[in-house]
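Structure first, commentary second.
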Amino acid sequence: MISVIIPVCNGEAFIRTCLDSVLRNTYRELELIVVENGSTDATSEIVRRYEAADARVRLITADRRGVSHARNLGLEAASGEWIAFADADDYVSPRIYETLLQTAQRTESDFVFCGFAQGCETDYAFSAPTGEASLCTTDAYYAGMYPDALYAYNVVWNKLIRRGVIGDTRFDEAFSFAEDRGFISRCVCRAARITRIEDKLYYYWRGNQDCICLSADQYERMSLIHTLGKDQTYMDTEHPDHPLWSAYVSCSLLQNGSVRLRRAREN
């Protein structure tokens, strides 16, 4: 079974689209764990109606302590062998979970990720999956994550991860911006095999002006530096036999520091 964890706060305008897209998936062995994170609108009522109508939907109500806390609650509640995440203002292809899981089984991988489309479309026309996939080494993944800063490598919502790979890894609740990367970096090194799917199976909707990526201020964006500092310490202490990984983090840290300095001068 796949556990899909969806944190949401004040999502009455878009949560239906997200839930409908997941529930329409061709792969049916799903549980949807929706973690409602201190909403003041009708989000809870909407999700409760889905919960009453479909046994696969489960609502957890949390205090407003951020997306990292919400995802951690979802991880604690999840019972699936595989874990996936979705953001409440996005939506997915009806074939995403079938394709991710079949690819994982075919390639004997325990960490699989796919491409994504983005924009403000409310009904993106997903193409039929081609099944084109390629293995990705740990070194190559960290190169994509850190010095290359490829978005598909740094987010959690386009991935299927075996529960055993996640283990006791959790999101750092001190951060609400760029919090995905630290979690993923600690899972990647545990994965025996990683596979990338070229198909765009997830839609990253940019129409929500309140999302953290669009609304974060300069203080919140400094999390990019702080999270990288923690990643640097992690690589140095936990993986000293892989100095390349630490070097990749150092490269990203310098790049982000340079951007922050330039923005400071501009302002």
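Labels for the structure tokens follow display order: chains A, B, ..., residues from 1 in each chain, ligands from 1.
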Within 12 Å of Val67 in chain A using only C-alpha atoms, minus same-chain residues under 2 positions, as JSON, numbers by chain: {"A": [5, 6, 7, 8, 9, 34, 35, 36, 37, 38, 62, 63, 64, 65, 69, 70, 71, 72, 73, 74, 85, 86, 87, 88, 170, 171, 172, 173, 174, 175, 176, 177, 178, 179, 180, 211, 212]}
Distance table requested - range 171-243 of chain A against range 117-132 of chain A, cut-off 7 Å, only C-alpha atoms: one row per qualifying residue with the closest atom pair and its distance in Å to one decimal, ordered by chain and rising residue number, as JSON lines.
```
{"residue": "A:Ile197", "atom": "CA", "partner": "A:Glu132", "partner_atom": "CA", "distance": 6.0}
{"residue": "A:Glu198", "atom": "CA", "partner": "A:Glu132", "partner_atom": "CA", "distance": 6.0}
{"residue": "A:Asp199", "atom": "CA", "partner": "A:Pro129", "partner_atom": "CA", "distance": 5.8}
{"residue": "A:Lys200", "atom": "CA", "partner": "A:Ala117", "partner_atom": "CA", "distance": 6.0}
{"residue": "A:Leu201", "atom": "CA", "partner": "A:Phe126", "partner_atom": "CA", "distance": 6.8}
{"residue": "A:Tyr202", "atom": "CA", "partner": "A:Ala117", "partner_atom": "CA", "distance": 6.3}
{"residue": "A:Tyr203", "atom": "CA", "partner": "A:Ala117", "partner_atom": "CA", "distance": 4.9}
{"residue": "A:Tyr204", "atom": "CA", "partner": "A:Gln118", "partner_atom": "CA", "distance": 4.5}
{"residue": "A:Trp205", "atom": "CA", "partner": "A:Gly119", "partner_atom": "CA", "distance": 5.4}
{"residue": "A:Arg206", "atom": "CA", "partner": "A:Gly119", "partner_atom": "CA", "distance": 5.2}
{"residue": "A:Gly207", "atom": "CA", "partner": "A:Cys120", "partner_atom": "CA", "distance": 5.0}
```
Could you please take those selected residues and save C-alpha atoms as a PDB file, in the first residue's frame?
```pdb
ATOM      1  CA  ILE A 197      11.127   8.704 -14.458  1.00  0.00           C
ATOM      2  CA  GLU A 198      11.082  11.272 -17.245  1.00  0.00           C
ATOM      3  CA  ASP A 199       7.275  11.483 -17.472  1.00  0.00           C
ATOM      4  CA  LYS A 200       5.638  14.576 -15.985  1.00  0.00           C
ATOM      5  CA  LEU A 201       3.160  13.042 -13.555  1.00  0.00           C
ATOM      6  CA  TYR A 202       2.701  15.874 -11.048  1.00  0.00           C
ATOM      7  CA  TYR A 203       1.347  19.392 -11.528  1.00  0.00           C
ATOM      8  CA  TYR A 204       2.897  22.096  -9.383  1.00  0.00           C
ATOM      9  CA  TRP A 205       0.185  24.750  -9.334  1.00  0.00           C
ATOM     10  CA  ARG A 206       1.551  28.292  -9.042  1.00  0.00           C
ATOM     11  CA  GLY A 207      -1.814  29.984  -8.628  1.00  0.00           C
TER      12      GLY A 207
END
```
Surrounding residues of Tyr142 in chain A excluding itself and chain neighbours under 2 positions, 8 Å, only C-alpha atoms, as a ChimeraX atom specification: /A:138-140,144-146,185,245,248
Residues of range 94-234 of chain A in helix (DSSP H, G or I), written as a ChimeraX atom specification: /A:96-107,138-145,151-154,163-166,179-188,212-215,218-221,223-234
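When DSSP reads the backbone of this structure, the residues of range 129-245 of chain A it assigns to strand (DSSP E) are Ala133, Ser134, Leu135, Cys136, Lys159, Leu160, Ile161, Arg162, Ile194, Thr195, Arg196, Ile197, Glu198, Asp199, Lys200, Leu201, Tyr202, Tyr203, Tyr204 and Trp205 of chain A.
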Top pick for closest residue to Asp148 in chain A, considering A:Glu45, A:Val249, A:Ile83, A:Asn10 and counting only C-alpha atoms: A:Val249
Distance in Å - CA of Thr195 in chain A versus CA of Ser134 in chain A: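 Separation between CA of Thr195 in chain A and CA of Ser134 in chain A: 5.6 Å.
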Contacts of Thr169 in chain A within 8 Å, only C-alpha atoms, excl. fewer than 6 positions in-chain, as a list in words: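 Residues meeting the cut-off are Phe183, Arg186 and Cys187 of chain A.
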Pick from A:Val165, A:Leu244, A:Arg196, A:Gly182, whichever lies nearest to Leu228 in chain A using only C-alpha atoms: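 Of the candidates, the smallest distance to Leu228 in chain A is held by A:Gly182.
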Minimum-distance residue to Thr227 in chain A, chosen among A:His239, A:Arg260, A:Arg265, A:Arg181 (using only C-alpha atoms): A:Arg181
Contact residues around Glu108 in chain A with only C-alpha atoms at 12 Å, ignoring same-chain residues under 3 positions, as a PyMOL selection string: chain A and resi 100-105+111-112+135+162+191-195
For CA of Asp236 in chain A and CA of Cys189 in chain A, the interatomic separation in Å (one decimal):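 Interatomic distance here is 13.3 Å.
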